[in-house]
$ cat target_21.pdb   # PDB, C-alpha atoms and all ligand atoms
ATOM      1  CA  MET A1078     112.897  66.451  61.463
ATOM      2  CA  ASP A1079     114.385  64.601  64.472
ATOM      3  CA  ARG A1080     112.690  61.446  65.662
ATOM      4  CA  GLY A1081     110.075  62.273  68.259
ATOM      5  CA  GLN A1082     109.847  65.917  67.227
ATOM      6  CA  THR A1083     106.367  67.381  67.012
ATOM      7  CA  MET A1084     105.145  69.877  64.411
ATOM      8  CA  THR A1085     103.828  72.844  66.347
ATOM      9  CA  THR A1086     100.793  74.537  64.805
ATOM     10  CA  LEU A1087      99.833  78.111  65.593
ATOM     11  CA  PHE A1088      96.110  78.882  65.752
ATOM     12  CA  THR A1089      95.194  82.529  65.906
ATOM     13  CA  ASN A1090      91.444  82.204  65.810
ATOM     14  CA  ARG A1091      88.749  80.242  67.491
ATOM     15  CA  SER A1092      87.337  78.471  64.436
ATOM     16  CA  SER A1093      90.608  77.025  63.104
ATOM     17  CA  PHE A1094      91.488  75.901  66.620
ATOM     18  CA  HIS A1095      88.046  74.334  67.040
ATOM     19  CA  THR A1096      88.440  72.355  63.801
ATOM     20  CA  TRP A1097      91.830  71.055  64.958
ATOM     21  CA  ARG A1098      90.502  70.224  68.442
ATOM     22  CA  LYS A1099      87.628  68.228  66.950
ATOM     23  CA  SER A1100      90.150  66.155  64.981
ATOM     24  CA  ILE A1101      91.755  64.805  68.192
ATOM     25  CA  PRO A1102      90.295  61.355  68.915
ATOM     26  CA  GLU A1103      88.403  61.224  72.188
ATOM     27  CA  HIS A1104      90.660  58.627  73.802
ATOM     28  CA  ARG A1105      93.708  60.911  73.501
ATOM     29  CA  THR A1106      94.493  63.012  76.565
ATOM     30  CA  VAL A1107      94.932  66.739  76.049
ATOM     31  CA  GLY A1108      97.250  68.651  78.389
ATOM     32  CA  PHE A1109      96.700  72.405  78.562
ATOM     33  CA  VAL A1110      99.065  75.151  79.707
ATOM     34  CA  PRO A1111      97.342  78.557  79.801
ATOM     35  CA  THR A1112      99.790  81.482  79.659
ATOM     36  CA  MET A1113      99.965  85.183  78.956
ATOM     37  CA  GLY A1114     103.086  84.694  76.843
ATOM     38  CA  ALA A1115     106.540  86.168  77.554
ATOM     39  CA  LEU A1116     107.466  82.551  78.114
ATOM     40  CA  HIS A1117     110.365  81.591  80.357
ATOM     41  CA  ALA A1118     111.699  78.393  81.901
ATOM     42  CA  GLY A1119     108.852  78.373  84.438
ATOM     43  CA  HIS A1120     106.308  78.043  81.632
ATOM     44  CA  VAL A1121     108.503  75.457  79.920
ATOM     45  CA  SER A1122     108.495  73.299  83.062
ATOM     46  CA  LEU A1123     104.674  73.226  82.908
ATOM     47  CA  ILE A1124     104.835  72.304  79.217
ATOM     48  CA  GLU A1125     107.332  69.529  79.955
ATOM     49  CA  GLN A1126     105.094  68.087  82.636
ATOM     50  CA  ALA A1127     102.147  68.185  80.219
ATOM     51  CA  LYS A1128     104.264  66.505  77.518
ATOM     52  CA  ALA A1129     105.271  63.756  79.934
ATOM     53  CA  GLU A1130     101.702  63.066  81.035
ATOM     54  CA  CYS A1131      99.429  63.731  78.035
ATOM     55  CA  ASP A1132      99.140  62.635  74.395
ATOM     56  CA  VAL A1133      98.617  66.139  73.021
ATOM     57  CA  VAL A1134      99.727  69.486  74.470
ATOM     58  CA  VAL A1135      98.096  72.869  73.911
ATOM     59  CA  VAL A1136      99.620  76.152  75.104
ATOM     60  CA  SER A1137      97.455  79.244  75.021
ATOM     61  CA  ILE A1138      98.913  82.729  74.813
ATOM     62  CA  TYR A1139      96.417  85.376  75.731
ATOM     63  CA  VAL A1140      97.046  88.556  77.676
ATOM     64  CA  ASN A1141      93.794  88.845  79.570
ATOM     65  CA  ALA A1142      92.872  92.501  80.076
ATOM     66  CA  LEU A1143      90.191  91.499  82.611
ATOM     67  CA  GLN A1144      92.738  90.437  85.211
ATOM     68  CA  PHE A1145      94.808  93.635  85.169
ATOM     69  CA  ASN A1146      94.088  96.379  87.640
ATOM     70  CA  SER A1147      95.393  99.190  85.531
ATOM     71  CA  GLU A1148      95.431  99.941  81.826
ATOM     72  CA  THR A1149      99.138 100.850  82.128
ATOM     73  CA  ASP A1150      99.995  97.477  83.608
ATOM     74  CA  PHE A1151      98.083  95.723  80.809
ATOM     75  CA  THR A1152      99.685  97.848  78.085
ATOM     76  CA  ARG A1153     103.210  97.379  79.367
ATOM     77  CA  TYR A1154     102.846  93.620  79.880
ATOM     78  CA  PRO A1155     105.602  92.064  77.724
ATOM     79  CA  ARG A1156     104.473  90.661  74.378
ATOM     80  CA  THR A1157     107.027  88.405  72.707
ATOM     81  CA  GLU A1158     104.872  86.309  70.342
ATOM     82  CA  GLU A1159     107.591  85.150  67.949
ATOM     83  CA  THR A1160     109.967  84.011  70.659
ATOM     84  CA  ASP A1161     107.071  82.372  72.501
ATOM     85  CA  PHE A1162     106.140  80.340  69.433
ATOM     86  CA  HIS A1163     109.776  79.343  68.968
ATOM     87  CA  ILE A1164     109.988  78.198  72.605
ATOM     88  CA  CYS A1165     106.810  76.124  72.109
ATOM     89  CA  THR A1166     108.313  74.588  68.970
ATOM     90  CA  LEU A1167     111.466  73.605  70.859
ATOM     91  CA  ALA A1168     109.309  72.115  73.615
ATOM     92  CA  ASN A1169     107.371  70.019  71.076
ATOM     93  CA  VAL A1170     104.022  71.610  71.854
ATOM     94  CA  ASP A1171     101.324  70.381  69.463
ATOM     95  CA  ALA A1172      99.185  73.492  69.301
ATOM     96  CA  VAL A1173      99.735  77.100  70.289
ATOM     97  CA  PHE A1174      96.425  78.875  70.632
ATOM     98  CA  ALA A1175      96.841  82.660  70.492
ATOM     99  CA  PRO A1176      93.290  83.953  70.133
ATOM    100  CA  LEU A1177      92.083  87.510  69.790
ATOM    101  CA  LYS A1178      89.855  89.059  72.437
ATOM    102  CA  SER A1179      86.877  88.593  70.091
ATOM    103  CA  ASP A1180      87.592  84.831  70.003
ATOM    104  CA  VAL A1181      87.559  84.495  73.778
ATOM    105  CA  PHE A1182      84.895  87.106  74.507
ATOM    106  CA  PRO A1183      82.709  87.488  71.415
ATOM    107  CA  GLU A1184      80.039  89.382  73.371
ATOM    108  CA  ASP A1185      80.057  93.175  73.840
ATOM    109  CA  VAL A1186      79.642  93.059  77.584
ATOM    110  CA  VAL A1187      81.433  90.281  79.455
ATOM    111  CA  GLU A1188      79.685  88.886  82.499
ATOM    112  CA  LEU A1189      82.377  88.053  85.021
ATOM    113  CA  LEU A1190      82.296  84.855  87.044
ATOM    114  CA  THR A1191      82.451  85.271  90.807
ATOM    115  CA  PRO A1192      85.545  83.596  92.227
ATOM    116  CA  SER A1193      85.397  81.462  95.380
ATOM    117  CA  LYS A1194      86.144  82.627  98.927
ATOM    118  CA  ASN A1195      89.786  81.720  98.383
ATOM    119  CA  ALA A1196      89.994  84.838  96.171
ATOM    120  CA  GLN A1197      89.473  87.066  99.207
ATOM    121  CA  GLY A1198      92.500  88.657 100.826
ATOM    122  CA  TYR A1199      96.127  88.733  99.698
ATOM    123  CA  GLU A1200      96.252  89.080  95.880
ATOM    124  CA  GLY A1201      92.470  89.419  95.853
ATOM    125  CA  ALA A1202      92.607  92.374  98.254
ATOM    126  CA  ASP A1203      95.609  94.079  96.683
ATOM    127  CA  ARG A1204      94.321  93.607  93.126
ATOM    128  CA  PRO A1205      90.539  94.070  93.209
ATOM    129  CA  GLY A1206      88.786  92.179  90.417
ATOM    130  CA  HIS A1207      91.915  90.248  89.492
ATOM    131  CA  PHE A1208      90.592  86.765  90.307
ATOM    132  CA  ALA A1209      87.186  87.439  88.724
ATOM    133  CA  GLY A1210      89.150  88.172  85.524
ATOM    134  CA  VAL A1211      91.272  85.055  85.983
ATOM    135  CA  VAL A1212      88.423  82.595  86.551
ATOM    136  CA  THR A1213      86.378  84.160  83.758
ATOM    137  CA  VAL A1214      89.136  83.722  81.174
ATOM    138  CA  VAL A1215      90.215  80.276  82.384
ATOM    139  CA  ASP A1216      86.615  79.056  82.205
ATOM    140  CA  ARG A1217      86.385  80.353  78.600
ATOM    141  CA  LEU A1218      89.702  78.743  77.675
ATOM    142  CA  PHE A1219      88.645  75.455  79.272
ATOM    143  CA  ASN A1220      85.480  75.516  77.138
ATOM    144  CA  LEU A1221      87.503  76.160  73.983
ATOM    145  CA  VAL A1222      90.393  73.759  74.641
ATOM    146  CA  GLN A1223      88.477  71.027  76.500
ATOM    147  CA  PRO A1224      91.588  69.686  78.199
ATOM    148  CA  SER A1225      91.921  66.467  80.181
ATOM    149  CA  VAL A1226      94.540  68.051  82.465
ATOM    150  CA  ALA A1227      95.376  71.747  82.959
ATOM    151  CA  TYR A1228      98.745  72.796  84.377
ATOM    152  CA  PHE A1229      99.207  75.794  86.673
ATOM    153  CA  GLY A1230     102.277  77.063  88.508
ATOM    154  CA  LEU A1231     102.320  77.023  92.295
ATOM    155  CA  LYS A1232     104.252  80.271  92.094
ATOM    156  CA  ASP A1233     100.747  81.747  91.818
ATOM    157  CA  TYR A1234      99.613  79.814  94.871
ATOM    158  CA  GLN A1235      96.349  81.679  95.448
ATOM    159  CA  GLN A1236      95.495  81.422  91.754
ATOM    160  CA  VAL A1237      95.794  77.623  91.965
ATOM    161  CA  ALA A1238      93.421  77.571  94.967
ATOM    162  CA  VAL A1239      90.890  79.795  93.173
ATOM    163  CA  ILE A1240      91.091  77.851  89.900
ATOM    164  CA  ASN A1241      90.732  74.550  91.739
ATOM    165  CA  ASP A1242      87.471  75.853  93.219
ATOM    166  CA  MET A1243      86.184  77.125  89.855
ATOM    167  CA  ALA A1244      87.128  73.909  88.056
ATOM    168  CA  SER A1245      85.568  71.610  90.647
ATOM    169  CA  GLN A1246      82.310  73.539  90.221
ATOM    170  CA  LEU A1247      82.231  74.176  86.470
ATOM    171  CA  HIS A1248      84.672  71.675  84.947
ATOM    172  CA  PRO A1249      84.701  68.635  87.247
ATOM    173  CA  ASN A1250      86.223  66.425  84.527
ATOM    174  CA  ILE A1251      89.333  68.552  84.117
ATOM    175  CA  VAL A1252      92.237  67.588  86.385
ATOM    176  CA  ILE A1253      94.081  70.619  87.756
ATOM    177  CA  SER A1254      97.768  69.863  88.066
ATOM    178  CA  PRO A1255      99.814  72.239  90.271
ATOM    179  CA  CYS A1256     103.499  72.510  89.237
ATOM    180  CA  ILE A1257     106.525  73.524  91.292
ATOM    181  CA  THR A1258     108.077  76.998  91.044
ATOM    182  CA  MET A1259     111.099  77.395  88.799
ATOM    183  CA  ARG A1260     113.731  79.761  90.147
ATOM    184  CA  GLU A1261     116.740  81.671  88.886
ATOM    185  CA  ASN A1262     120.139  80.517  90.187
ATOM    186  CA  ASP A1263     119.975  83.079  92.990
ATOM    187  CA  GLY A1264     116.549  81.828  94.109
ATOM    188  CA  LEU A1265     114.292  84.505  92.609
ATOM    189  CA  ALA A1266     111.096  82.913  91.259
ATOM    190  CA  MET A1267     110.989  83.253  87.489
ATOM    191  CA  SER A1268     108.396  85.767  86.351
ATOM    192  CA  SER A1269     107.617  87.724  83.225
ATOM    193  CA  ARG A1270     107.757  90.821  85.420
ATOM    194  CA  ASN A1271     111.380  90.323  86.567
ATOM    195  CA  ARG A1272     112.563  92.070  83.384
ATOM    196  CA  PHE A1273     111.139  95.338  84.736
ATOM    197  CA  LEU A1274     113.519  95.320  87.720
ATOM    198  CA  THR A1275     116.529  97.622  87.670
ATOM    199  CA  PRO A1276     119.853  95.828  88.307
ATOM    200  CA  SER A1277     119.816  97.002  91.945
ATOM    201  CA  GLY A1278     116.127  96.083  92.369
ATOM    202  CA  ARG A1279     116.854  92.684  90.851
ATOM    203  CA  LYS A1280     119.549  92.170  93.501
ATOM    204  CA  SER A1281     117.304  93.349  96.352
ATOM    205  CA  ALA A1282     114.493  91.058  95.158
ATOM    206  CA  THR A1283     116.523  87.967  96.039
ATOM    207  CA  ALA A1284     115.928  88.877  99.696
ATOM    208  CA  LEU A1285     112.399  87.489  99.261
ATOM    209  CA  PRO A1286     113.210  83.838  98.434
ATOM    210  CA  SER A1287     116.099  84.017 100.859
ATOM    211  CA  ALA A1288     113.853  85.206 103.744
ATOM    212  CA  LEU A1289     111.170  82.617 102.941
ATOM    213  CA  GLY A1290     113.808  79.881 102.756
ATOM    214  CA  LYS A1291     115.154  80.962 106.145
ATOM    215  CA  ALA A1292     111.636  80.744 107.596
ATOM    216  CA  VAL A1293     111.313  77.166 106.331
ATOM    217  CA  SER A1294     114.724  76.347 107.853
ATOM    218  CA  SER A1295     113.671  77.866 111.189
ATOM    219  CA  TRP A1296     110.520  75.733 111.156
ATOM    220  CA  ASN A1297     112.772  72.740 110.616
ATOM    221  CA  THR A1298     114.685  73.670 113.757
ATOM    222  CA  GLY A1299     111.472  73.722 115.789
ATOM    223  CA  VAL A1300     109.969  77.231 115.448
ATOM    224  CA  THR A1301     106.316  76.441 114.807
ATOM    225  CA  GLN A1302     104.431  79.677 115.478
ATOM    226  CA  SER A1303     103.680  81.541 112.272
ATOM    227  CA  LYS A1304     103.817  84.930 114.022
ATOM    228  CA  GLU A1305     107.425  84.332 115.019
ATOM    229  CA  LEU A1306     108.399  83.311 111.495
ATOM    230  CA  ILE A1307     106.502  86.168 109.851
ATOM    231  CA  ASP A1308     108.292  88.642 112.157
ATOM    232  CA  GLN A1309     111.576  87.051 111.141
ATOM    233  CA  VAL A1310     110.733  87.463 107.440
ATOM    234  CA  ILE A1311     109.701  91.096 108.001
ATOM    235  CA  ALA A1312     113.006  91.756 109.809
ATOM    236  CA  ASP A1313     114.980  90.167 106.967
ATOM    237  CA  LEU A1314     113.139  92.046 104.233
ATOM    238  CA  SER A1315     113.380  95.333 106.128
ATOM    239  CA  LYS A1316     117.160  95.202 105.676
ATOM    240  CA  GLU A1317     116.486  96.057 102.011
ATOM    241  CA  PRO A1318     115.177  99.642 102.006
ATOM    242  CA  SER A1319     113.879  99.338  98.425
ATOM    243  CA  ILE A1320     111.474  96.546  99.412
ATOM    244  CA  ASP A1321     107.922  97.475 100.281
ATOM    245  CA  ILE A1322     106.131  94.535 101.933
ATOM    246  CA  GLN A1323     102.534  93.982 100.768
ATOM    247  CA  TYR A1324     101.705  90.925 102.863
ATOM    248  CA  ILE A1325     103.270  87.894 104.504
ATOM    249  CA  SER A1326     101.157  85.068 105.853
ATOM    250  CA  VAL A1327     101.156  81.346 106.556
ATOM    251  CA  VAL A1328      98.207  79.407 105.152
ATOM    252  CA  ARG A1329      97.033  75.819 105.203
ATOM    253  CA  ASN A1330      98.179  73.822 102.213
ATOM    254  CA  GLY A1331      95.749  74.169  99.294
ATOM    255  CA  SER A1332      93.710  76.946 100.898
ATOM    256  CA  MET A1333      94.030  80.551 101.993
ATOM    257  CA  GLU A1334      93.134  79.763 105.605
ATOM    258  CA  PRO A1335      95.683  81.417 107.932
ATOM    259  CA  VAL A1336      97.397  79.125 110.429
ATOM    260  CA  GLN A1337      98.958  79.900 113.806
ATOM    261  CA  ALA A1338     100.820  76.649 114.559
ATOM    262  CA  ILE A1339     102.518  75.442 111.414
ATOM    263  CA  SER A1340     102.239  71.831 110.227
ATOM    264  CA  GLU A1341     104.085  70.147 107.399
ATOM    265  CA  ASN A1342     103.014  71.362 103.918
ATOM    266  CA  ASP A1343     101.558  74.642 105.184
ATOM    267  CA  VAL A1344     102.703  77.486 102.965
ATOM    268  CA  ILE A1345     104.294  80.852 103.663
ATOM    269  CA  ILE A1346     103.082  83.362 101.070
ATOM    270  CA  ALA A1347     104.365  86.869 100.425
ATOM    271  CA  ALA A1348     104.102  89.828  98.099
ATOM    272  CA  ILE A1349     106.517  92.731  97.874
ATOM    273  CA  VAL A1350     107.028  95.749  95.634
ATOM    274  CA  VAL A1351     110.567  96.556  94.472
ATOM    275  CA  ASP A1352     111.200  99.425  92.050
ATOM    276  CA  GLY A1353     107.463  99.635  91.421
ATOM    277  CA  VAL A1354     107.418  95.951  90.395
ATOM    278  CA  ARG A1355     105.090  93.684  92.370
ATOM    279  CA  LEU A1356     106.567  90.252  93.078
ATOM    280  CA  ILE A1357     104.954  87.275  94.755
ATOM    281  CA  ASP A1358     106.489  84.108  96.101
ATOM    282  CA  ASN A1359     105.731  81.266  98.500
ATOM    283  CA  MET A1360     107.356  78.212 100.018
ATOM    284  CA  SER A1361     106.055  75.067 101.652
ATOM    285  CA  PHE A1362     107.120  73.933 105.077
ATOM    286  CA  THR A1363     108.643  70.593 104.213
ATOM    287  CA  ASN A1364     111.012  68.544 106.327
ATOM    288  CA  ALA A1365     114.657  69.142 105.423
TER     289      ALA A1365
HETATM  290  P1  LIG A1401     101.450  83.677  83.253
HETATM  291  O1  LIG A1401     101.905  83.680  81.841
HETATM  292  O2  LIG A1401     102.211  84.576  84.143
HETATM  293  O3  LIG A1401      99.949  83.806  83.380
HETATM  294  O4  LIG A1401     101.774  82.213  83.783
HETATM  295  C1  LIG A1401     101.291  81.077  83.138
HETATM  296  C2  LIG A1401     101.482  79.904  84.038
HETATM  297  O5  LIG A1401     102.865  79.727  84.316
HETATM  298  C3  LIG A1401     100.770  80.080  85.381
HETATM  299  O6  LIG A1401     100.163  78.852  85.749
HETATM  300  C4  LIG A1401     101.905  80.440  86.300
HETATM  301  O7  LIG A1401     101.674  80.094  87.645
HETATM  302  C5  LIG A1401     103.037  79.609  85.710
HETATM  303  N1  LIG A1401     104.333  80.142  86.122
HETATM  304  C6  LIG A1401     104.731  81.430  86.105
HETATM  305  N2  LIG A1401     105.958  81.559  86.643
HETATM  306  C7  LIG A1401     106.345  80.306  87.002
HETATM  307  C8  LIG A1401     107.510  79.774  87.622
HETATM  308  N3  LIG A1401     108.538  80.539  87.986
HETATM  309  N4  LIG A1401     107.565  78.427  87.840
HETATM  310  C9  LIG A1401     106.521  77.627  87.492
HETATM  311  N5  LIG A1401     105.389  78.075  86.906
HETATM  312  C10 LIG A1401     105.305  79.393  86.671
END
$ encode --input "target_21.pdb" --output "structure tokens"
Amino acid sequence: MDRGQTMTTLFTNRSSFHTWRKSIPEHRTVGFVPTMGALHAGHVSLIEQAKAECDVVVVSIYVNALQFNSETDFTRYPRTEETDFHICTLANVDAVFAPLKSDVFPEDVVELLTPSKNAQGYEGADRPGHFAGVVTVVDRLFNLVQPSVAYFGLKDYQQVAVINDMASQLHPNIVISPCITMRENDGLAMSSRNRFLTPSGRKSATALPSALGKAVSSWNTGVTQSKELIDQVIADLSKEPSIDIQYISVVRNGSMEPVQAISENDVIIAAIVVDGVRLIDNMSFTNA
């Protein structure tokens, strides 16, 4: 074994994980990266941040049926357990927690948590019940893992806002650490769903980061009204006939509150459907 390499242990049930978790001395910080598997470089960037900041790193892999809007979407969600474990090994993760549904939700009927107001609109409107499923599972995982810091990708901007609200209410001792979006070379935000795009859809999808990037550049040249920039993004995306726009909005940093006159760190958020694949992305208005 190389110097500095960690042995990664796979836990597939709640009790073995619990025993391991209890063995971690209290003064050691535990970094937690919750995932649904199908790991890619975006997930790895979260793991690397956790490794850099915490003594022990736990990655969970759990495809949470509660946050899917259709059975088909849940069933076809990619499951690549062996590769995922290998990726975690290479990233020196200490523990991979891949529980069964009965470990996370032992009860017959699951009572869903109600997400905060930030869950309304956008993803919350297009995917009814999605954020209730997200906060319910993340709360359960937080109880099981008891992390010091939990890492979430800003690619899922609204999810970060909703989880921040849930954590400040139910888990005030857990620090929520938002992490930057990892992108492919052509700008497309990495996502487990990108594999469902046809080659032509994959090409069209790059119009999204490109249009959002152009909006940020325009803001840098002095265009400050969100309406003007949103219209510009719509015009750019409309050049790709295969793109179906779900929403485009500018919100205040850290919240879902729409803004008219854009200030630094406000965020342009968007969702599109290409080839039947729903993609989301966002960018911050930062000075060039
Ligand atoms: P998922 O497995 O899709 O639930 O994602 C697990 C975590 O990885 C979430 O916090 C996501 O926001 C984050 N994530 C997904 N894609 C990316 C990306 N391209 N860059 C950074 N983080 C990401």
$ resolve_selection --input "target_21.pdb" --expression "the PyMOL selection byres (((chain A and resi 1332-1345) around 10) and not hetatm)" --output "JSON, numbers by chain"
{"A": [1194, 1195, 1196, 1197, 1198, 1199, 1234, 1235, 1237, 1238, 1239, 1241, 1242, 1289, 1290, 1292, 1293, 1296, 1297, 1300, 1301, 1302, 1303, 1304, 1305, 1306, 1307, 1310, 1325, 1326, 1327, 1328, 1329, 1330, 1331, 1346, 1347, 1358, 1359, 1360, 1361, 1362, 1363, 1364]}
$ atom_distance --input "target_21.pdb" --atom1 "CA of Tyr1139 in chain A" --atom2 "CA of His1104 in chain A"
27.4 Å
$ residues_near_point --input "target_21.pdb" --point "(86.6, 75.4, 74.5)" --cutoff "10 Å" --atoms "all atoms listed in the file" --output "MDAnalysis selection string"
chainID A and resid 1091 1094:1095 1098 1181 1215:1224
$ closest_residue --input "target_21.pdb" --among "A:Leu1247, A:Ala1115, A:Ala1209, A:Leu1177" --to "ligand LIG 1401 (chain A)" --atoms "only C-alpha atoms and all ligand atoms"
A:Ala1115
$ closest_residue --input "target_21.pdb" --among "A:Arg1105, A:Arg1204, A:Arg1156, A:Lys1316" --to "ligand LIG 1401 (chain A)" --atoms "all atoms listed in the file"
A:Arg1156
$ residues_near_ligand --input "target_21.pdb" --ligand "ligand LIG 1401 (chain A)" --cutoff "7 Å" --atoms "all atoms listed in the file" --output "PyMOL selection string"
chain A and resi 1110-1116+1119-1120+1122-1123+1228-1233+1256-1260+1266-1269
$ closest_residue --input "target_21.pdb" --among "A:Leu1356, A:Leu1189, A:Ala1284, A:Met1084" --to "Leu1143 in chain A" --atoms "all atoms listed in the file"
A:Leu1189
$ atom_distance --input "target_21.pdb" --atom1 "CA of Gly1206 in chain A" --atom2 "CA of Ile1124 in chain A"
27.9 Å
$ resolve_selection --input "target_21.pdb" --expression "the PyMOL selection byres (((chain A and resi 1352) around 8) and not hetatm)" --output "mmCIF file with C-alpha atoms, in the frame of the given file"
data_model
loop_
_atom_site.group_PDB
_atom_site.id
_atom_site.type_symbol
_atom_site.label_atom_id
_atom_site.label_comp_id
_atom_site.auth_asym_id
_atom_site.auth_seq_id
_atom_site.Cartn_x
_atom_site.Cartn_y
_atom_site.Cartn_z
ATOM 1 C CA LEU A 1274 113.519 95.320 87.720
ATOM 2 C CA THR A 1275 116.529 97.622 87.670
ATOM 3 C CA GLY A 1278 116.127 96.083 92.369
ATOM 4 C CA SER A 1319 113.879 99.338 98.425
ATOM 5 C CA ILE A 1320 111.474 96.546 99.412
ATOM 6 C CA VAL A 1350 107.028 95.749 95.634
ATOM 7 C CA VAL A 1351 110.567 96.556 94.472
ATOM 8 C CA GLY A 1353 107.463 99.635 91.421
ATOM 9 C CA VAL A 1354 107.418 95.951 90.395
#
$ atom_distance --input "target_21.pdb" --atom1 "CA of His1163 in chain A" --atom2 "CA of Glu1130 in chain A"
21.8 Å
$ residues_near_point --input "target_21.pdb" --point "(103.6, 86.3, 69.7)" --cutoff "9 Å" --atoms "all atoms listed in the file" --output "list in words"
Gly1114, Ala1115, Ile1138, Arg1156, Thr1157, Glu1158, Glu1159, Thr1160, Asp1161, Phe1162 and Ala1175 of chain A
$ closest_residue --input "target_21.pdb" --among "A:Thr1298, A:Leu1167, A:Ser1092, A:Ala1172" --to "Glu1125 in chain A" --atoms "only C-alpha atoms"
A:Leu1167
$ closest_residue --input "target_21.pdb" --among "A:Leu1087, A:Ile1357, A:Ala1365, A:Ala1142" --to "Gly1299 in chain A" --atoms "all atoms listed in the file"
A:Ala1365
